[in-house]
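Data file: entry-v4.csv. Format and content: CSV, C-alpha atoms.
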```csv
chain,number,residue,atom,x,y,z
A,30,MET,CA,88.2,81.6,124.8
A,31,SER,CA,85.8,81.3,121.9
A,32,GLN,CA,85.8,83.8,119.1
A,33,GLN,CA,83.0,85.3,117.0
A,34,GLU,CA,82.7,84.1,113.4
A,35,ILE,CA,84.7,86.0,110.9
A,36,GLU,CA,81.6,87.1,109.0
A,37,VAL,CA,80.1,88.4,112.3
A,38,ILE,CA,83.3,90.3,113.1
A,39,LEU,CA,83.3,91.9,109.7
A,40,ALA,CA,79.6,92.7,110.1
A,41,ARG,CA,80.3,94.5,113.3
A,42,HIS,CA,83.2,96.4,111.8
A,43,LEU,CA,80.8,97.5,109.0
A,44,ALA,CA,78.1,98.5,111.5
A,45,GLU,CA,80.7,100.5,113.5
A,46,TYR,CA,81.4,102.6,110.5
A,47,LEU,CA,77.9,103.1,109.1
A,48,ALA,CA,75.5,106.0,110.1
A,49,MET,CA,72.5,103.6,109.9
A,50,PRO,CA,71.3,102.0,113.1
A,51,ILE,CA,72.2,98.3,113.1
A,52,PHE,CA,71.5,95.5,115.5
A,53,ILE,CA,73.2,92.1,115.3
A,54,VAL,CA,72.2,88.8,116.9
A,55,ASN,CA,73.7,85.4,117.0
A,56,PRO,CA,72.0,82.1,115.8
A,57,ASP,CA,70.5,81.7,119.3
A,58,GLY,CA,68.9,85.1,119.0
A,59,ASP,CA,71.2,86.7,121.6
A,60,LEU,CA,71.9,90.3,120.9
A,61,ILE,CA,75.7,90.6,120.5
A,62,PHE,CA,76.1,94.1,119.2
A,63,TYR,CA,74.4,97.4,118.2
A,64,ASN,CA,76.1,100.4,116.9
A,65,GLU,CA,76.1,104.0,118.0
A,66,PRO,CA,73.3,105.2,115.7
A,67,ALA,CA,71.2,102.4,117.2
A,68,GLU,CA,72.1,103.5,120.7
A,69,ALA,CA,70.4,106.8,120.0
A,70,ILE,CA,67.2,105.0,119.1
A,71,LEU,CA,67.2,102.3,121.7
A,72,GLY,CA,68.0,104.8,124.4
A,73,SER,CA,71.0,103.0,125.9
A,74,ARG,CA,74.7,102.4,125.1
A,75,TYR,CA,75.6,98.8,124.0
A,76,ASN,CA,78.3,98.8,126.7
A,77,GLU,CA,75.6,99.3,129.3
A,78,THR,CA,73.1,96.6,128.0
A,79,GLY,CA,75.7,94.1,126.8
A,80,VAL,CA,74.7,90.6,125.5
A,81,MET,CA,70.9,90.2,125.8
A,82,PRO,CA,68.8,87.1,125.1
A,83,ALA,CA,66.1,87.2,122.5
A,84,SER,CA,63.4,86.8,125.1
A,85,GLU,CA,64.6,90.1,126.6
A,86,TRP,CA,65.3,92.3,123.6
A,87,SER,CA,62.1,91.2,121.9
A,88,THR,CA,60.1,92.6,124.8
A,89,VAL,CA,62.2,95.2,126.7
A,90,PHE,CA,61.5,97.8,124.1
A,91,HIS,CA,57.8,97.2,124.3
A,92,PRO,CA,57.0,97.0,120.6
A,93,ILE,CA,53.5,98.1,119.7
A,94,ASP,CA,51.6,98.6,116.5
A,95,HIS,CA,49.9,101.8,115.3
A,96,ASP,CA,46.8,101.0,117.3
A,97,GLY,CA,48.8,100.5,120.5
A,98,ASN,CA,48.6,96.7,120.5
A,99,PRO,CA,51.7,94.8,121.7
A,100,ILE,CA,53.5,93.0,118.9
A,101,PRO,CA,54.3,89.4,119.9
A,102,PRO,CA,58.0,88.5,119.5
A,103,HIS,CA,57.3,86.1,116.6
A,104,GLU,CA,56.0,89.0,114.5
A,105,LEU,CA,59.1,91.1,114.9
A,106,PRO,CA,61.2,91.3,111.7
A,107,LEU,CA,64.4,90.1,113.3
A,108,VAL,CA,62.7,87.2,115.0
A,109,ILE,CA,61.2,86.2,111.6
A,110,ALA,CA,64.7,86.5,110.0
A,111,LEU,CA,66.1,84.2,112.7
A,112,THR,CA,63.4,81.6,112.8
A,113,GLN,CA,62.4,81.5,109.1
A,114,HIS,CA,65.7,82.4,107.6
A,115,CYS,CA,64.1,85.0,105.3
A,116,PRO,CA,64.1,88.8,105.2
A,117,ALA,CA,61.3,90.7,106.9
A,118,HIS,CA,60.2,94.3,107.1
A,119,LYS,CA,57.8,96.2,109.5
A,120,ILE,CA,56.9,99.6,110.8
A,121,PHE,CA,56.1,99.8,114.5
A,122,TRP,CA,56.6,101.8,117.7
A,123,ILE,CA,59.1,101.0,120.5
A,124,ARG,CA,59.8,102.6,123.9
A,125,GLY,CA,63.6,103.2,124.2
A,126,LEU,CA,65.3,102.5,127.5
A,127,ASP,CA,65.4,106.3,127.9
A,128,GLY,CA,61.6,106.2,128.0
A,129,ALA,CA,61.0,107.9,124.6
A,130,MET,CA,58.4,106.4,122.2
A,131,ARG,CA,59.8,106.1,118.7
A,132,GLU,CA,58.2,105.0,115.4
A,133,ILE,CA,60.7,102.9,113.6
A,134,GLU,CA,60.9,101.1,110.3
A,135,VAL,CA,62.9,97.8,110.4
A,136,THR,CA,64.4,95.6,107.8
A,137,ALA,CA,65.9,92.3,109.0
A,138,PHE,CA,67.7,89.5,107.2
A,139,PRO,CA,69.4,86.3,108.2
A,140,LEU,CA,73.2,86.3,108.1
A,141,ILE,CA,74.4,83.4,106.0
A,142,GLY,CA,78.2,82.8,105.9
A,143,GLN,CA,80.6,80.6,103.9
A,144,ALA,CA,79.3,77.1,103.2
A,145,GLU,CA,75.7,78.3,103.9
A,146,ARG,CA,76.4,78.5,107.7
A,147,PHE,CA,73.6,80.3,109.5
A,148,LEU,CA,75.3,82.9,111.7
A,149,GLY,CA,72.4,84.9,113.1
A,150,GLY,CA,70.6,88.0,111.9
A,151,ILE,CA,71.0,91.7,111.3
A,152,ALA,CA,68.3,94.4,111.7
A,153,ILE,CA,68.7,97.8,110.1
A,154,PHE,CA,66.2,100.4,111.2
A,155,TRP,CA,65.2,103.9,110.6
A,156,GLU,CA,63.5,106.3,113.0
A,157,ILE,CA,60.3,107.9,111.6
A,158,THR,CA,58.8,109.7,114.5
A,159,THR,CA,59.7,110.5,118.1
A,160,ASN,CA,57.2,111.3,120.8
B,18,MET,CA,107.4,69.1,115.4
B,19,LYS,CA,110.0,70.4,113.0
B,20,VAL,CA,109.0,73.6,111.1
B,21,THR,CA,111.1,74.5,108.0
B,22,PHE,CA,110.6,77.7,106.0
B,23,TRP,CA,111.0,77.3,102.3
B,24,GLY,CA,109.4,80.6,101.2
B,25,THR,CA,108.9,83.6,103.5
B,26,ARG,CA,108.1,86.4,101.0
B,27,GLY,CA,104.6,87.8,100.4
B,28,SER,CA,102.9,88.9,97.2
B,29,LEU,CA,105.7,88.4,94.7
B,30,ALA,CA,108.9,86.4,94.5
B,31,SER,CA,111.7,88.8,94.9
B,32,PRO,CA,115.1,87.2,94.6
B,33,SER,CA,118.0,89.7,94.7
B,34,ALA,CA,121.2,90.5,96.5
B,35,GLU,CA,119.2,92.5,99.0
B,36,THR,CA,116.9,89.6,100.0
B,37,VAL,CA,119.3,86.7,100.2
B,38,ARG,CA,119.2,86.3,104.0
B,39,TYR,CA,115.4,86.3,104.6
B,40,GLY,CA,114.7,84.9,101.1
B,41,GLY,CA,112.9,85.8,98.0
B,42,ASN,CA,110.5,82.8,97.5
B,43,THR,CA,106.9,83.1,98.3
B,44,SER,CA,105.0,81.3,101.1
B,45,CYS,CA,105.8,77.7,101.7
B,46,VAL,CA,106.4,76.0,105.1
B,47,ALA,CA,107.0,72.3,105.8
B,48,VAL,CA,106.0,70.8,109.2
B,49,GLN,CA,107.3,67.3,110.1
B,50,GLY,CA,105.7,65.4,112.9
B,51,SER,CA,107.2,63.1,115.5
B,52,GLU,CA,106.3,60.1,113.4
B,53,GLY,CA,107.6,61.5,110.1
B,54,THR,CA,104.4,62.8,108.5
B,55,ILE,CA,105.0,65.9,106.5
B,56,LEU,CA,102.5,68.7,106.0
B,57,ILE,CA,103.2,71.4,103.4
B,58,LEU,CA,101.6,74.8,104.2
B,59,ASP,CA,101.0,76.7,101.0
B,60,ALA,CA,102.5,76.2,97.6
B,61,GLY,CA,104.3,79.5,96.8
B,62,THR,CA,107.5,79.4,94.8
B,63,GLY,CA,109.4,78.0,97.8
B,64,ILE,CA,107.7,74.7,97.2
B,65,ARG,CA,110.0,74.0,94.3
B,66,ASN,CA,113.1,73.6,96.5
B,67,LEU,CA,111.1,71.7,99.1
B,68,GLY,CA,110.1,69.2,96.4
B,69,GLN,CA,113.8,68.5,95.6
B,70,SER,CA,114.5,67.7,99.2
B,71,LEU,CA,111.7,65.1,99.8
B,72,PRO,CA,112.5,61.4,99.6
B,73,SER,CA,111.9,59.8,96.2
B,74,ASP,CA,109.9,57.0,97.8
B,75,LEU,CA,107.3,59.4,99.2
B,76,LYS,CA,103.8,57.9,99.0
B,77,ARG,CA,101.6,60.7,100.3
B,78,VAL,CA,101.8,64.5,100.3
B,79,ASP,CA,99.3,66.8,102.1
B,80,ILE,CA,99.3,70.4,101.0
B,81,LEU,CA,97.3,72.8,103.2
B,82,LEU,CA,96.4,76.0,101.2
B,83,THR,CA,95.3,79.0,103.1
B,84,HIS,CA,93.8,80.6,100.0
B,85,LEU,CA,94.4,80.8,96.3
B,86,HIS,CA,96.2,84.0,95.7
B,87,MET,CA,99.0,83.6,93.3
B,88,ASP,CA,101.8,83.9,95.8
B,89,HIS,CA,100.4,80.8,97.6
B,90,ILE,CA,99.9,78.5,94.6
B,91,GLN,CA,102.4,79.6,92.0
B,92,GLY,CA,104.9,76.9,92.8
B,93,LEU,CA,102.5,74.0,92.7
B,94,PRO,CA,103.1,72.9,89.1
B,95,PHE,CA,106.9,73.0,89.8
B,96,PHE,CA,106.6,70.6,92.8
B,97,ALA,CA,108.4,67.5,91.5
B,98,PRO,CA,106.4,64.9,93.3
B,99,LEU,CA,103.3,66.0,91.4
B,100,ARG,CA,104.9,64.4,88.3
B,101,ARG,CA,105.6,61.1,89.9
B,102,LYS,CA,103.2,58.1,89.6
B,103,GLY,CA,102.2,56.4,92.7
B,104,VAL,CA,102.1,59.5,94.9
B,105,GLU,CA,98.9,60.2,96.6
B,106,PHE,CA,98.3,64.0,96.8
B,107,HIS,CA,95.8,65.6,99.2
B,108,ILE,CA,95.2,69.3,98.6
B,109,TRP,CA,93.2,71.0,101.4
B,110,GLY,CA,91.8,74.5,101.1
B,111,PRO,CA,88.9,76.8,100.8
B,112,ALA,CA,86.1,76.6,98.3
B,113,SER,CA,84.2,79.8,97.4
B,114,THR,CA,80.5,80.3,97.6
B,115,THR,CA,80.2,79.5,93.9
B,116,MET,CA,83.2,77.3,92.9
B,117,SER,CA,84.9,74.2,94.1
B,118,LEU,CA,88.5,74.2,95.3
B,119,SER,CA,89.5,72.1,92.3
B,120,ALA,CA,87.7,74.4,89.8
B,121,ARG,CA,89.4,77.4,91.3
B,122,LEU,CA,92.8,75.9,91.2
B,123,GLN,CA,92.3,74.9,87.6
B,124,LYS,CA,91.7,78.5,86.6
B,125,TYR,CA,95.5,78.9,87.2
B,126,LEU,CA,96.6,75.4,86.1
B,127,SER,CA,95.2,75.8,82.6
B,128,PRO,CA,96.0,77.8,79.4
B,129,PRO,CA,96.6,80.6,78.9
B,130,LEU,CA,97.9,81.1,82.4
B,131,PHE,CA,99.8,77.8,82.4
B,132,PRO,CA,100.5,75.3,79.7
B,133,VAL,CA,100.0,72.1,81.8
B,134,SER,CA,96.5,71.3,83.2
B,135,VAL,CA,95.7,69.4,86.3
B,136,ARG,CA,94.7,66.3,84.4
B,137,ASP,CA,98.1,66.1,82.9
B,138,LEU,CA,99.8,65.6,86.2
B,139,SER,CA,100.9,62.1,87.1
B,140,ALA,CA,100.1,62.1,90.8
B,141,GLU,CA,96.8,60.9,92.2
B,142,LEU,CA,95.0,64.1,93.3
B,143,HIS,CA,92.4,64.4,96.1
B,144,PHE,CA,90.8,67.8,96.9
B,145,HIS,CA,89.3,68.6,100.3
B,146,GLU,CA,87.2,71.7,100.6
B,147,LEU,CA,87.4,72.9,104.2
B,148,ALA,CA,84.6,75.4,103.9
B,149,GLU,CA,82.1,72.6,103.9
B,150,GLU,CA,82.4,72.2,107.6
B,151,LEU,CA,83.8,75.5,108.8
B,152,PRO,CA,84.1,77.3,111.2
B,153,ALA,CA,85.8,74.6,113.3
B,154,HIS,CA,86.9,72.0,110.8
B,155,LEU,CA,89.2,69.4,112.4
B,156,ILE,CA,91.5,67.5,110.1
B,157,GLU,CA,93.4,64.4,111.2
B,158,ILE,CA,96.5,63.6,109.1
B,159,GLY,CA,98.9,61.1,110.5
B,160,GLU,CA,100.0,62.2,114.0
B,161,PHE,CA,98.6,65.8,113.4
B,162,SER,CA,95.3,67.3,114.5
B,163,ILE,CA,94.6,70.4,112.5
B,164,ASN,CA,92.0,73.1,113.2
B,165,ALA,CA,91.0,75.2,110.2
B,166,GLN,CA,89.1,78.5,110.5
B,167,LEU,CA,88.3,81.5,108.3
B,168,ILE,CA,90.4,84.6,109.0
B,169,ILE,CA,90.3,88.1,107.7
B,170,HIS,CA,91.9,88.4,104.3
B,171,PRO,CA,90.2,89.2,100.9
B,172,ASN,CA,88.5,86.1,99.4
B,173,PRO,CA,87.9,83.1,101.6
B,174,THR,CA,91.1,82.5,103.5
B,175,ILE,CA,91.8,79.8,106.1
B,176,GLY,CA,94.2,79.8,109.0
B,177,TYR,CA,95.5,76.6,110.5
B,178,ARG,CA,96.4,75.5,114.0
B,179,ILE,CA,98.5,72.3,113.8
B,180,GLN,CA,98.9,70.2,116.9
B,181,CYS,CA,101.1,67.2,117.5
B,182,ALA,CA,102.4,65.6,120.7
B,183,GLY,CA,100.9,68.4,122.8
B,184,ALA,CA,102.6,71.3,120.9
B,185,ALA,CA,100.7,73.8,118.6
B,186,VAL,CA,101.9,75.7,115.6
B,187,THR,CA,99.6,78.4,114.2
B,188,TYR,CA,99.9,79.5,110.6
B,189,LEU,CA,98.3,82.8,109.6
B,190,PRO,CA,100.4,84.0,106.7
B,191,ASP,CA,98.0,86.5,105.2
B,192,HIS,CA,95.9,88.1,107.9
B,193,GLU,CA,94.6,91.6,108.8
B,194,PRO,CA,93.1,91.3,112.3
B,195,ALA,CA,93.3,95.1,112.7
B,196,LEU,CA,90.9,95.7,109.8
B,197,GLY,CA,88.1,98.0,111.0
B,198,GLU,CA,89.5,98.4,114.5
B,199,ARG,CA,89.8,102.0,115.7
B,200,THR,CA,92.3,100.7,118.3
B,201,PHE,CA,94.2,97.5,118.0
B,202,PRO,CA,94.4,95.1,119.7
B,203,HIS,CA,90.8,95.0,120.8
B,204,GLU,CA,88.6,92.5,122.6
B,205,LYS,CA,89.9,88.9,122.2
B,206,GLU,CA,86.4,87.6,121.3
B,207,TRP,CA,86.2,90.0,118.4
B,208,THR,CA,89.7,89.4,117.0
B,209,SER,CA,90.1,87.4,113.9
B,210,GLY,CA,92.4,84.4,114.4
B,211,TYR,CA,92.3,84.6,118.1
B,212,ALA,CA,91.0,81.1,118.7
B,213,LEU,CA,93.6,79.6,116.3
B,214,ALA,CA,96.5,81.4,117.9
B,215,GLU,CA,95.7,81.4,121.6
B,216,GLY,CA,98.6,80.0,123.6
B,217,ALA,CA,100.4,78.5,120.5
B,218,ASP,CA,103.9,77.3,120.9
B,219,LEU,CA,104.8,78.9,117.6
B,220,LEU,CA,102.9,81.6,115.7
B,221,ILE,CA,103.8,82.2,112.0
B,222,HIS,CA,102.1,85.5,111.1
B,223,ASP,CA,101.8,88.0,108.4
B,224,ALA,CA,104.3,90.9,108.9
B,225,GLN,CA,104.1,92.6,105.6
B,226,PHE,CA,104.0,96.4,106.1
B,227,THR,CA,105.6,99.1,108.1
B,228,GLU,CA,103.2,101.3,110.1
B,229,LYS,CA,103.4,104.0,107.4
B,230,GLU,CA,102.8,101.6,104.6
B,231,TYR,CA,99.8,100.1,106.4
B,232,GLN,CA,98.0,103.5,106.5
B,233,SER,CA,97.7,103.5,102.8
B,234,ARG,CA,97.0,99.8,102.4
B,235,VAL,CA,94.2,99.2,104.9
B,236,GLY,CA,92.0,96.4,103.5
B,237,PHE,CA,94.7,94.8,101.5
B,238,GLY,CA,94.5,91.9,103.9
B,239,HIS,CA,97.9,92.2,105.6
B,240,SER,CA,99.3,93.3,108.9
B,241,SER,CA,101.9,95.9,109.8
B,242,ILE,CA,104.8,94.4,111.7
B,243,ARG,CA,103.7,96.2,114.8
B,244,HIS,CA,100.1,94.8,114.5
B,245,ALA,CA,101.6,91.3,114.1
B,246,PHE,CA,103.7,91.7,117.3
B,247,GLU,CA,100.6,93.0,119.1
B,248,PHE,CA,98.5,90.1,117.9
B,249,ALA,CA,101.1,87.7,119.2
B,250,GLU,CA,101.0,89.4,122.6
B,251,LEU,CA,97.2,89.4,122.7
B,252,THR,CA,97.1,85.7,121.9
B,253,SER,CA,99.8,84.8,124.5
B,254,VAL,CA,101.9,82.8,122.1
B,255,LYS,CA,105.3,81.5,123.3
B,256,HIS,CA,107.2,82.1,120.1
B,257,PHE,CA,106.6,84.4,117.2
B,258,ALA,CA,108.0,84.1,113.7
B,259,PRO,CA,107.2,87.1,111.5
B,260,PHE,CA,106.4,86.0,107.9
B,261,HIS,CA,105.2,87.1,104.5
B,262,TYR,CA,107.5,90.0,104.0
B,263,ASP,CA,106.8,92.7,101.6
B,264,PRO,CA,108.8,92.3,98.3
B,265,THR,CA,110.2,95.8,98.7
B,266,HIS,CA,111.7,95.2,102.1
B,267,SER,CA,115.4,94.3,102.0
B,268,ASP,CA,117.3,92.2,104.5
B,269,ASP,CA,118.7,95.3,106.1
B,270,GLU,CA,115.4,97.0,106.3
B,271,LEU,CA,113.8,93.9,107.9
B,272,ASP,CA,116.7,93.7,110.5
B,273,PHE,CA,116.0,97.4,111.4
B,274,LEU,CA,112.2,97.0,111.5
B,275,PHE,CA,112.3,94.0,113.8
B,276,ALA,CA,114.9,95.5,116.1
B,277,GLU,CA,112.9,98.7,116.3
B,278,THR,CA,109.7,96.9,117.1
B,279,ILE,CA,111.2,94.7,119.7
B,280,ALA,CA,112.8,97.6,121.4
B,281,GLU,CA,109.6,99.5,121.5
B,282,LEU,CA,107.1,96.8,122.5
B,283,HIS,CA,109.3,94.5,124.7
B,284,PRO,CA,107.4,91.3,123.7
B,285,SER,CA,106.9,88.7,126.4
B,286,TYR,CA,107.5,85.9,123.9
B,287,ALA,CA,110.5,84.8,121.9
B,288,VAL,CA,110.9,86.3,118.4
B,289,THR,CA,112.6,84.5,115.5
B,290,PRO,CA,112.0,86.2,112.1
B,291,SER,CA,111.4,83.5,109.5
B,292,ARG,CA,113.9,83.1,106.7
B,293,GLU,CA,114.4,80.6,104.0
B,294,GLY,CA,116.2,77.5,105.2
B,295,LEU,CA,115.5,78.1,108.9
B,296,SER,CA,114.2,75.1,110.9
B,297,LEU,CA,112.6,75.4,114.3
B,298,GLU,CA,111.9,72.6,116.7
B,299,VAL,CA,108.6,73.1,118.4
B,300,VAL,CA,107.9,71.3,121.6
B,301,CYS,CA,105.2,72.1,124.2
```
Target format C-alpha cells, applied to this file:
Amino acid sequence: MSQQEIEVILARHLAEYLAMPIFIVNPDGDLIFYNEPAEAILGSRYNETGVMPASEWSTVFHPIDHDGNPIPPHELPLVIALTQHCPAHKIFWIRGLDGAMREIEVTAFPLIGQAERFLGGIAIFWEITTN
Amino acid sequence: MKVTFWGTRGSLASPSAETVRYGGNTSCVAVQGSEGTILILDAGTGIRNLGQSLPSDLKRVDILLTHLHMDHIQGLPFFAPLRRKGVEFHIWGPASTTMSLSARLQKYLSPPLFPVSVRDLSAELHFHELAEELPAHLIEIGEFSINAQLIIHPNPTIGYRIQCAGAAVTYLPDHEPALGERTFPHEKEWTSGYALAEGADLLIHDAQFTEKEYQSRVGFGHSSIRHAFEFAELTSVKHFAPFHYDPTHSDDELDFLFAETIAELHPSYAVTPSREGLSLEVVC
C-alpha cells in the first residue's frame, strides 16, 4: 500500500488540531482531507465525501462571485496555488452540500516539501456570511 | 543478511552496571549482505567498537545516517577506518532545506565542538544527500537495494528499508508515528513509516519511552514501547527488534517493560529486543 508524504501527514495532523477550516489536495488536485471546521462550511463530513478529484470539488460547491456569476475553476485560489505554485486569495460564495449559501474568504498556497518537492496545496478559509 | 547491533541506546551513551546487557552505546547497526558487503546504519558511539572489528584491508565503507542528532553521529570521528588511507567512504543522509549534508556534519566535526575537522581525516569521503530525490530514493550498494524515505522525527530524518536476496530489514531508530494521532494505530495510508516497514522480515524500531513517559514527551520524536509494538502489528512485520532505549531505562526495567507489553498485546510476530553484540540472521 502506498503512503502519504510525511509533510502531508503532518499537515493533516496540524489541520485536525486547528479550529480554522482547512482543505488539503494532492499534486493532482485530488481532495485528500478537510478538517471538522471545514465540514461545517462545506456541509458534509469528510468521511462521507472521501477523496474527490479537482474537477468535482471545483464545481460541486457551485462557487459564484458577488454578482452571482459562476467562478471558473482556474480562478479559484486553490487551483491557482496548484497550477501556478503561488499563493492566492479570494472572497466568493459557495453552496454547501447541505444547501446553504455561504460567503467565504479563502487563502491557498502550494505545499512544497523537502528538496523542493511539490506535494499539493492547502486552502484555509473563513466564513463571512451565511444565507 | 546478518544484522549486528553495536549500539542500541538512544539520546545519550549510558554505560553502567545497570545497562550492561542491553548496552550503553548509542545507535549503530551493521548489516552484512550475502556477498560480504557491509552497511553501517548510523554512527553513534557504538561505531567505535565496530571499527575495531572490521578487516584492515577494507576498501569501501557505506554509512547510512538517519539524521544528524548527536547520538547518531558522535562516534564518527572515533571510527578507525576513517583514519586509514585508501579507504573509500560513502556517507549517505539527509540534507536540510538550507545546508548540505557535508556542511551540517562539519558543524560537529570542527572546533570548538571537536578538535579534528573533516579535511584532516585520511579516508576519501563522498557525501550523498538523499533529500535530493526523496520521497522514494532507491540506493544500490553492492548486493543491497535500499529505499530511503522521510519519517516523523524533528529535523529531516530518513528511514531505510534494506533488501537483499529477497529479505527486507527496516530501520526506523528515531520515529514517532503516533504524533498527532488521537488513536494509534490509525489508517495505514496516513501512518509515517508504513511503506518502509510493510511486511519486513525484521523491523528495528524506536522503543524509547514507557506509556507514562510518552505523555509528557509528545513531539520529542520517539515512540512508546507500546506504540512501537502496535506499529509492528500494523505493518505486518515478521520479526521486531525494539531499539533506541531511553538512557534512564535499566536492563531490569527493559526486561519488565517488554514482558509486560508482550503479555498485554500478544504480538503476531517474533520479538527480539536489540542488545549490543546481538547478531540476527535475516532470511525471507
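Going from atom CA of A:Pro101 over to atom CA of A:Pro82, you cover 15.6 Å.
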* Mind listing as a list in words which residues of chain A are within 7 Å of chain B, counting all atoms listed in the file? ->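 Those within range of chain B come out as Met30, Ser31, Gln32, Gln33, Ile35, Ile38, His42, Gln143 and Ala144 of chain A.
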* Leaving out B:His256 and any residue of its chain fewer than 5 positions from it, which residues lie within 8 Å of it when counting only C-alpha atoms, given as a list in words? ->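 Here the qualifying residues turn out to be Ala217, Asp218, Leu219, Leu220, Tyr286, Ala287, Val288 and Thr289 of chain B.
Atom CA of B:Leu71 is positioned 17.1 Å from atom CA of B:Ile108.
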* To do: For A:Ile70, work out the shell of residues within 12 Å, counting all atoms listed in the file and skipping chain neighbours fewer than 5 positions away, then give it as a ChimeraX atom specification.
  => /A:49-52,63-65,75,90,122-134,153-160
